[in-house]
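For reference, entry_12.txt is printed below; it contains compact mmCIF, C-alpha atoms.
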# COMPACT_ATOMS: atom_id res chain seq x y z
CA MET A 1 152.86 89.27 52.74
CA GLN A 2 151.11 91.83 54.95
CA LEU A 3 151.69 91.49 58.71
CA LEU A 4 149.49 93.56 61.00
CA LEU A 5 150.68 94.03 64.59
CA ALA A 6 147.69 95.12 66.65
CA GLY A 7 148.79 96.79 69.89
CA GLY A 8 152.04 98.10 71.32
CA GLY A 9 152.37 95.50 74.08
CA HIS A 10 155.62 94.06 75.40
CA ALA A 11 155.48 91.08 73.03
CA HIS A 12 155.30 93.35 69.98
CA LEU A 13 158.19 95.43 71.26
CA GLY A 14 160.12 92.17 71.10
CA VAL A 15 158.98 91.58 67.52
CA LEU A 16 160.14 95.06 66.50
CA ARG A 17 163.53 94.44 68.12
CA GLU A 18 163.89 91.23 66.14
CA TRP A 19 162.90 93.02 62.92
CA ILE A 20 165.57 95.67 63.57
CA ALA A 21 168.24 93.04 64.22
CA ARG A 22 167.20 90.85 61.28
CA PRO A 23 164.70 92.42 58.85
CA PRO A 24 162.09 89.96 57.56
CA GLN A 25 162.16 89.15 53.86
CA GLY A 26 159.09 89.65 51.71
CA MET A 27 156.96 91.01 54.54
CA GLU A 28 155.33 94.41 54.98
CA THR A 29 154.64 95.21 58.62
CA CYS A 30 152.11 97.65 60.01
CA LEU A 31 151.86 98.46 63.73
CA VAL A 32 148.51 99.79 64.97
CA SER A 33 148.32 101.25 68.47
CA SER A 34 145.78 103.48 70.18
CA GLU A 35 148.67 105.52 71.62
CA ARG A 36 151.98 106.64 70.19
CA HIS A 37 153.79 105.93 73.45
CA ALA A 38 153.80 102.58 75.21
CA LEU A 39 153.90 102.88 79.00
CA TYR A 40 156.07 100.43 80.90
CA SER A 41 153.66 98.98 83.44
CA GLY A 42 156.36 98.09 85.97
CA MET A 43 157.06 101.80 86.52
CA ILE A 44 153.47 102.99 87.01
CA PRO A 45 153.51 102.60 90.84
CA GLY A 46 156.78 104.54 91.02
CA TRP A 47 155.22 107.32 88.96
CA VAL A 48 152.13 107.38 91.21
CA ALA A 49 154.38 107.69 94.26
CA GLY A 50 156.21 110.60 92.63
CA ALA A 51 159.54 108.80 92.28
CA VAL A 52 159.56 108.23 88.49
CA PRO A 53 159.08 111.01 85.90
CA LEU A 54 156.54 110.23 83.20
CA GLU A 55 159.05 110.54 80.37
CA ARG A 56 161.25 107.81 81.88
CA MET A 57 158.57 105.14 81.55
CA ARG A 58 157.42 105.96 78.01
CA ILE A 59 158.56 104.20 74.84
CA ASP A 60 157.94 106.06 71.58
CA LEU A 61 156.51 103.49 69.19
CA ALA A 62 156.74 105.63 66.04
CA PRO A 63 160.55 105.78 65.65
CA LEU A 64 160.86 102.20 66.88
CA ALA A 65 158.45 101.03 64.17
CA ALA A 66 160.24 103.14 61.56
CA ARG A 67 163.59 101.61 62.52
CA ALA A 68 162.01 98.17 62.12
CA GLY A 69 160.74 99.09 58.64
CA ALA A 70 157.12 99.09 59.82
CA ARG A 71 154.35 101.56 59.12
CA PHE A 72 152.86 103.03 62.29
CA ILE A 73 149.18 103.93 62.62
CA ARG A 74 147.81 105.55 65.75
CA ALA A 75 144.27 104.21 66.02
CA SER A 76 142.07 101.97 68.14
CA LEU A 77 140.68 98.65 67.00
CA GLY A 78 136.96 98.58 66.35
CA ALA A 79 136.52 95.03 65.07
CA VAL A 80 138.37 92.01 63.73
CA ASP A 81 137.04 89.74 60.99
CA ALA A 82 139.37 86.77 61.11
CA ALA A 83 137.61 84.84 58.34
CA ASN A 84 138.00 87.69 55.83
CA ARG A 85 141.38 88.75 57.22
CA THR A 86 140.47 92.35 57.91
CA VAL A 87 140.66 94.71 60.87
CA VAL A 88 138.30 97.66 61.20
CA LEU A 89 139.58 100.71 63.06
CA GLU A 90 137.32 102.85 65.23
CA ASP A 91 137.23 105.55 62.54
CA GLY A 92 135.86 103.01 60.05
CA GLU A 93 139.05 102.40 58.05
CA THR A 94 139.56 98.77 57.05
CA LEU A 95 143.02 97.19 57.02
CA PRO A 96 143.62 93.85 55.27
CA PHE A 97 146.18 91.37 56.55
CA ASP A 98 147.74 88.06 55.65
CA LEU A 99 148.99 87.57 59.21
CA LEU A 100 147.61 89.24 62.32
CA SER A 101 149.34 89.37 65.70
CA VAL A 102 147.45 90.79 68.67
CA ALA A 103 149.13 92.21 71.78
CA THR A 104 146.66 94.86 72.89
CA GLY A 105 146.32 93.71 76.49
CA GLY A 106 142.99 93.36 78.24
CA ASP A 107 140.63 95.71 80.02
CA VAL A 108 140.05 95.73 83.79
CA ASP A 109 136.93 93.93 84.99
CA THR A 110 134.96 96.76 86.62
CA SER A 111 131.47 95.28 86.27
CA SER A 112 130.87 95.18 90.04
CA LEU A 113 132.11 98.77 90.46
CA ALA A 114 130.29 100.48 87.58
CA GLU A 115 127.87 102.38 89.85
CA LEU A 116 130.77 104.51 91.09
CA GLY A 117 130.65 106.54 87.89
CA GLU A 118 133.39 109.18 87.74
CA ARG A 119 134.82 107.99 91.06
CA LEU A 120 136.01 104.79 89.39
CA LEU A 121 139.61 104.79 88.11
CA PRO A 122 140.66 101.50 86.43
CA VAL A 123 144.40 100.89 86.05
CA ARG A 124 143.80 100.04 82.39
CA PRO A 125 143.86 101.54 79.88
CA MET A 126 147.08 102.83 81.42
CA HIS A 127 147.07 106.07 79.42
CA ASP A 128 143.66 106.95 80.86
CA PHE A 129 144.88 106.13 84.36
CA VAL A 130 147.97 108.32 83.93
CA ALA A 131 145.86 111.17 82.52
CA ARG A 132 143.39 111.13 85.43
CA TRP A 133 145.60 110.39 88.45
CA PRO A 134 147.08 113.90 88.96
CA ALA A 135 143.59 115.44 89.29
CA VAL A 136 142.51 112.69 91.68
CA ARG A 137 145.61 113.21 93.82
CA SER A 138 145.03 116.96 93.99
CA ALA A 139 141.35 116.58 94.86
CA VAL A 140 142.03 114.09 97.65
CA ARG A 141 144.84 116.24 99.05
CA ALA A 142 142.49 119.21 99.21
CA GLY A 143 139.56 117.40 100.81
CA ARG A 144 139.66 116.45 104.51
CA GLY A 145 138.53 112.89 105.15
CA GLN A 146 138.51 111.90 101.48
CA ARG A 147 139.65 108.34 100.87
CA ILE A 148 141.14 106.36 98.03
CA VAL A 149 140.11 102.72 97.89
CA VAL A 150 142.30 100.33 95.90
CA VAL A 151 140.46 97.14 94.92
CA GLY A 152 142.65 94.08 94.39
CA GLY A 153 145.04 92.18 96.63
CA GLY A 154 147.49 91.13 93.92
CA ALA A 155 150.82 92.75 93.11
CA ALA A 156 149.23 95.67 91.26
CA GLY A 157 146.83 96.43 94.10
CA VAL A 158 149.52 96.25 96.78
CA GLU A 159 151.95 98.42 94.81
CA LEU A 160 149.34 101.05 93.95
CA ALA A 161 147.96 101.24 97.50
CA LEU A 162 151.45 101.88 98.87
CA ALA A 163 152.27 104.31 96.05
CA ALA A 164 149.05 106.29 96.55
CA GLN A 165 149.68 106.51 100.29
CA ARG A 166 153.19 107.79 99.61
CA ALA A 167 151.82 110.38 97.15
CA LEU A 168 149.37 111.64 99.79
CA ALA A 169 151.90 111.78 102.62
CA GLY A 170 151.64 115.00 104.59
CA SER A 171 148.14 115.79 103.36
CA THR A 172 144.95 115.86 105.41
CA ALA A 173 143.63 112.83 103.56
CA ALA A 174 142.51 109.76 105.45
CA PRO A 175 144.59 106.61 104.91
CA VAL A 176 144.32 104.66 101.69
CA VAL A 177 142.19 101.52 101.92
CA LEU A 178 143.14 98.26 100.20
CA LEU A 179 140.11 96.05 99.58
CA THR A 180 140.72 92.40 98.73
CA ASP A 181 138.25 89.52 98.54
CA GLU A 182 140.94 86.98 99.42
CA PRO A 183 142.24 86.54 102.97
CA ARG A 184 145.85 86.32 101.77
CA LEU A 185 147.63 89.08 99.92
CA LEU A 186 149.61 88.35 96.74
CA PRO A 187 147.84 85.09 95.84
CA GLY A 188 149.95 83.03 93.47
CA HIS A 189 153.09 83.88 95.43
CA ALA A 190 154.52 82.09 98.46
CA SER A 191 152.68 82.97 101.66
CA ARG A 192 155.74 84.78 102.99
CA ALA A 193 155.43 87.34 100.19
CA GLY A 194 151.91 88.11 101.33
CA ASP A 195 153.14 88.46 104.92
CA PHE A 196 155.82 90.92 103.83
CA ALA A 197 153.23 92.91 101.87
CA ARG A 198 150.87 93.06 104.84
CA THR A 199 153.66 94.32 107.10
CA ARG A 200 154.59 97.06 104.62
CA LEU A 201 150.96 98.13 104.25
CA GLU A 202 150.48 98.29 108.00
CA ARG A 203 153.66 100.34 108.43
CA ALA A 204 152.44 102.75 105.79
CA ARG A 205 149.08 103.00 107.61
CA VAL A 206 147.13 101.58 104.68
CA GLU A 207 143.92 100.04 106.00
CA ILE A 208 143.38 96.47 104.76
CA VAL A 209 139.77 95.33 104.39
CA THR A 210 138.94 91.75 103.43
CA GLY A 211 135.62 91.20 101.70
CA TYR A 212 133.67 91.53 98.48
CA GLY A 213 132.42 94.97 97.55
CA VAL A 214 130.26 96.59 94.90
CA GLY A 215 130.29 100.16 93.73
CA THR A 216 127.73 102.76 94.81
CA PRO A 217 127.58 106.50 93.99
CA ASP A 218 129.26 107.20 97.35
CA GLY A 219 131.86 104.45 97.63
CA VAL A 220 132.15 100.69 98.02
CA LEU A 221 129.42 98.67 99.73
CA LEU A 222 130.67 95.49 101.39
CA ALA A 223 128.72 92.24 101.61
CA ASP A 224 128.26 92.74 105.37
CA GLY A 225 126.51 96.08 104.80
CA ARG A 226 129.42 98.39 105.58
CA LEU A 227 130.05 101.32 103.26
CA ILE A 228 133.56 102.60 102.58
CA PRO A 229 133.14 106.21 101.42
CA ALA A 230 135.61 107.03 98.66
CA ALA A 231 136.54 110.01 96.55
CA CYS A 232 138.21 107.57 94.14
CA VAL A 233 138.27 103.80 93.72
CA ILE A 234 141.26 102.41 91.85
CA ALA A 235 140.36 99.10 90.22
CA ALA A 236 143.39 96.80 90.12
CA THR A 237 141.37 93.65 89.62
CA GLY A 238 141.79 90.92 87.01
CA PRO A 239 141.66 91.51 83.24
CA ARG A 240 138.56 91.37 81.09
CA SER A 241 138.48 90.62 77.40
CA PRO A 242 137.70 93.58 75.11
CA ARG A 243 134.30 93.74 73.43
CA TRP A 244 135.70 93.67 69.90
CA LEU A 245 136.78 90.05 70.36
CA ARG A 246 133.21 88.76 70.63
CA GLY A 247 132.42 89.15 66.94
CA SER A 248 135.90 88.34 65.65
CA GLY A 249 135.22 84.74 64.66
CA LEU A 250 138.19 83.62 66.76
CA ALA A 251 137.96 80.77 69.24
CA LEU A 252 138.06 82.17 72.78
CA ASP A 253 138.96 80.58 76.10
CA ASP A 254 136.65 80.43 79.11
CA GLY A 255 137.57 84.01 80.02
CA GLY A 256 136.82 85.38 76.58
CA PHE A 257 140.46 85.80 75.51
CA ILE A 258 141.98 84.56 72.24
CA ALA A 259 142.58 80.82 72.62
CA VAL A 260 146.12 79.98 71.53
CA GLY A 261 148.48 77.04 71.64
CA PRO A 262 152.06 76.96 72.91
CA ASP A 263 153.21 78.69 69.68
CA PHE A 264 150.88 81.72 70.24
CA ARG A 265 148.84 80.71 67.20
CA SER A 266 145.06 80.88 67.36
CA VAL A 267 143.56 77.41 67.72
CA SER A 268 140.88 78.33 65.17
CA GLN A 269 142.59 80.67 62.67
CA PRO A 270 146.16 79.83 61.54
CA CYS A 271 146.67 83.39 60.26
CA VAL A 272 146.17 84.91 63.73
CA PHE A 273 148.62 85.01 66.64
CA ALA A 274 148.22 86.54 70.10
CA ALA A 275 150.44 87.09 73.14
CA GLY A 276 150.26 88.85 76.49
CA ASP A 277 147.08 89.53 78.44
CA ILE A 278 144.87 89.22 75.36
CA ALA A 279 145.80 85.54 74.91
CA GLY A 280 144.76 82.44 76.82
CA ARG A 281 146.76 79.24 76.43
CA VAL A 282 144.50 76.21 76.26
CA ASP A 283 147.03 73.62 75.20
CA ASN A 284 148.54 71.67 78.09
CA ARG A 285 149.73 71.38 81.65
CA LEU A 286 152.11 74.32 81.29
CA SER A 287 149.21 76.74 81.00
CA HIS A 288 148.88 77.11 84.78
CA ASN A 289 152.38 78.62 84.89
CA LEU A 290 151.28 81.50 82.64
CA SER A 291 149.97 84.20 84.93
CA ARG A 292 149.00 87.36 83.07
CA SER A 293 152.06 89.48 83.71
CA GLY A 294 154.60 91.50 81.79
CA VAL A 295 157.23 88.87 82.58
CA HIS A 296 155.74 86.38 80.14
CA ALA A 297 154.82 89.05 77.57
CA VAL A 298 158.46 90.19 77.39
CA ARG A 299 159.75 86.64 77.01
CA ALA A 300 157.13 85.91 74.37
CA GLY A 301 158.59 88.47 71.94
CA PRO A 302 161.45 86.48 70.37
CA VAL A 303 159.35 83.30 70.09
CA LEU A 304 156.45 85.20 68.53
CA ALA A 305 158.79 86.93 66.06
CA GLU A 306 160.31 83.66 64.91
CA ASN A 307 156.89 82.06 64.49
CA LEU A 308 155.65 85.01 62.44
CA ARG A 309 158.70 84.60 60.18
CA ARG A 310 158.02 80.90 59.72
CA ALA A 311 154.31 81.45 59.11
CA ALA A 312 155.09 84.11 56.49
CA ARG A 313 157.52 81.77 54.71
CA ARG A 314 155.07 78.89 55.06
CA ASP A 315 157.90 76.81 56.49
CA GLU A 316 157.29 73.14 56.91
CA ALA A 317 159.30 73.29 60.12
CA PRO A 318 157.07 73.32 63.19
CA LEU A 319 156.60 76.60 65.03
CA ARG A 320 158.53 77.24 68.23
CA HIS A 321 156.83 76.65 71.57
CA TYR A 322 157.01 79.09 74.45
CA ARG A 323 157.89 77.09 77.53
CA PRO A 324 157.46 79.14 80.73
CA ARG A 325 160.01 78.66 83.43
CA ARG A 326 158.84 76.86 86.52
CA HIS A 327 159.35 80.06 88.52
CA SER A 328 159.49 83.67 87.39
CA LEU A 329 161.19 86.56 89.16
CA TYR A 330 158.82 89.19 90.51
CA LEU A 331 159.91 92.44 92.16
CA ILE A 332 157.11 94.24 94.00
CA ALA A 333 157.84 97.86 94.91
CA THR A 334 156.75 99.06 98.36
CA ALA A 335 157.15 102.84 97.75
CA ASP A 336 159.57 103.24 100.67
CA GLY A 337 162.82 102.53 98.87
CA SER A 338 162.46 98.77 99.26
CA ALA A 339 160.92 95.94 97.27
CA ILE A 340 159.77 92.37 97.76
CA LEU A 341 161.53 89.73 95.67
CA SER A 342 159.42 86.66 94.93
CA TRP A 343 160.82 83.68 93.02
CA GLY A 344 158.94 80.48 93.72
CA ARG A 345 159.33 79.73 97.40
CA ALA A 346 162.23 82.16 97.73
CA VAL A 347 160.98 85.45 99.15
CA MET A 348 163.19 88.31 100.34
CA GLU A 349 162.90 92.05 100.77
CA GLY A 350 165.15 95.07 101.09
CA ARG A 351 166.52 98.16 99.43
CA TRP A 352 168.79 96.03 97.29
CA ALA A 353 165.69 94.43 95.72
CA ASN A 354 164.37 97.86 94.82
CA CYS A 355 167.74 98.77 93.28
CA LEU A 356 167.54 95.59 91.20
CA LYS A 357 163.99 96.40 90.11
CA SER A 358 164.94 99.96 89.16
CA ARG A 359 167.90 98.72 87.13
CA ILE A 360 165.79 96.19 85.23
CA ASP A 361 163.02 98.70 84.57
CA ARG A 362 165.38 101.44 83.37
CA ARG A 363 167.29 99.03 81.15
CA PHE A 364 164.09 97.88 79.44
CA VAL A 365 162.87 101.39 78.63
CA GLN A 366 166.29 102.76 77.67
CA ARG A 367 166.97 99.82 75.39
CA HIS A 368 163.95 100.68 73.25
CA ALA A 369 164.59 104.41 73.42
CA ARG A 370 168.10 103.89 72.02
CA LEU A 371 166.78 101.77 69.17
CA GLY A 372 164.58 104.65 68.03
CA LEU A 373 167.20 107.40 68.33
CA GLY A 374 168.06 109.30 65.20
CA VAL A 375 165.18 107.95 63.15
CA ALA A 376 163.76 110.71 61.02
CA GLY A 377 160.31 110.29 59.62
CA ALA A 378 157.45 112.61 58.87
CA ALA A 379 155.73 109.47 57.59
CA TRP A 380 155.77 107.60 60.89
CA THR A 381 152.03 108.00 61.28
CA ARG A 382 149.24 108.37 58.79

What's the structure tokens form of this structure?
Amino acid sequence: MQLLLAGGGHAHLGVLREWIARPPQGMETCLVSSERHALYSGMIPGWVAGAVPLERMRIDLAPLAARAGARFIRASLGAVDAANRTVVLEDGETLPFDLLSVATGGDVDTSSLAELGERLLPVRPMHDFVARWPAVRSAVRAGRGQRIVVVGGGAAGVELALAAQRALAGSTAAPVVLLTDEPRLLPGHASRAGDFARTRLERARVEIVTGYGVGTPDGVLLADGRLIPAACVIAATGPRSPRWLRGSGLALDDGGFIAVGPDFRSVSQPCVFAAGDIAGRVDNRLSHNLSRSGVHAVRAGPVLAENLRRAARRDEAPLRHYRPRRHSLYLIATADGSAILSWGRAVMEGRWANCLKSRIDRRFVQRHARLGLGVAGAAWTR
């Protein structure tokens, strides 16, 4: 039985942990990822602000896969043929599979900002964002009146706007601008969370602009005709499905993501599973509780691993369902030593919340780093 894990997302980290704890019988596993290191998304704003070193938010997938008994291939997906059970890599190599699990994440929807050209900096792929940010920061620091515009009023947009402003503190740069097309910040959270975020942004002298904007070669043009000049526009908007899904033969949801049930199994191809941002649950009333966030991707890991075991054994027992909690804990960093805690209607803020966030983030990364320690292997990658 050949299992192909496509992507190094949080859900697949959970599968590898389960394989290390209890190796699967009669199954060969191959992990394919475009990058050797997975970046922990919760630490990206801290890195932008200059508070978190890059090496502390990276998880080396190669030794982790080796410890789990999996072959690791560093490559990007080019196409998936679900009917013939094959994956084509960007270099043309074809990999067969009996079971396929996808946790590659999604792209950022930048269609309205495409005219910005090189001034556009999407938050995903995260490796591209991390590679480009230092040069952007240096250029903006050196140029008087240059602005950074962050598009998106959700948690990612708020965190990155505050982090960018912190990174530019003391420079001659104009304030960072946060552009959101919704009147309330942090939609999906209690209104008090949005109020806290607005207060933090105002204290940090981040300008908040409400409206819809499109990209131009010089900046962002608002619907009312105003132009926000920008040296860089960080796109922290919603996810977009990758192009390779369109010819995969898989059933997709309304957003173009892999349509799955509560067991993470494709509704059209029983040999395919998907979790994280790449998946869209279409099964029942619980689907509205599944915002695309790392919280659910992390919790998906053990359930996905067990279902892959059962599918490989062709168990008659039904697959496990992932049942999201009614409320999830979110910790939103404000780049000033504090954080906003949001859990349903309960919203609080303070330095203690940031300490809690830092502890959770460090524990997650260190846990996977320890699992890969001491694993020798010249054959980690092809």

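Taking all atoms listed in the file, the non-local environment of stretch 122-134 of chain A within 6 Å (same-chain residues fewer than 4 positions away omitted) comprises Asp107, Val108, Ile234, Ala235 and Ala236 of chain A.
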
Provide an axis-aligned box for all listed atoms of stretch 347-365 of chain A, padding each side by 3 Å; report its centre and its edge lengths in Å to one decimal, as AutoDock Vina command-line options.
--center_x 164.9 --center_y 93.4 --center_z 89.9 --size_x 13.8 --size_y 22.0 --size_z 28.5

At a cut-off of 9 Å, using all atoms listed in the file, what residues contact stretch 198-213 of chain A? Leave out same-chain residues fewer than 6 positions from it and give the result as a ChimeraX atom specification. /A:112-113,151,158,161-162,165-166,175-185,220-224,227,334,336

Calculate how many Å separate atom CA of A:Arg265 from atom CA of A:His10, rounding to one decimal.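 Pair atom CA of A:Arg265 / atom CA of A:His10 returns 17.1 Å.
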
Atom CA of A:Asp277 to atom CA of A:Ala305 measures 17.2 Å

What is the distance between atom CA of A:Leu100 and atom CA of A:Gly255, in Å to one decimal?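 Going from atom CA of A:Leu100 over to atom CA of A:Gly255, I get 21.0 Å.
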
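Between A:Ala193 and the residues A:Tyr330, A:Tyr322, A:Trp244, A:Trp352, the shortest atom-to-atom distance, using only C-alpha atoms, involves A:Tyr330.
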
Please produce, as a tab-separated table, a per-residue contact table for stretch 182-287 of chain A versus stretch 307-317 of chain A (criterion: any atom at most 12 Å away, all atoms listed in the file considered), showing the nearest atom pair and its distance in Å to one decimal, sorted by chain then residue number.
residue	atom	partner	partner_atom	distance
A:Pro262	CA	A:Asn307	CA	11.0
A:Asp263	CA	A:Asn307	CA	7.2
A:Phe264	CA	A:Asn307	CA	8.3
A:Arg265	CA	A:Asn307	CA	8.6
A:Pro270	CA	A:Ala311	CA	8.7
A:Cys271	CA	A:Ala311	CA	8.0
A:Val272	CA	A:Leu308	CA	9.6
A:Phe273	CA	A:Leu308	CA	8.2
A:Ala274	CA	A:Leu308	CA	10.8
A:Ala275	CA	A:Asn307	CA	11.9

Using only C-alpha atoms: which of A:Pro96, A:Gly344, A:Gly372, A:Gly143 has the shortest distance to A:His189: A:Gly344
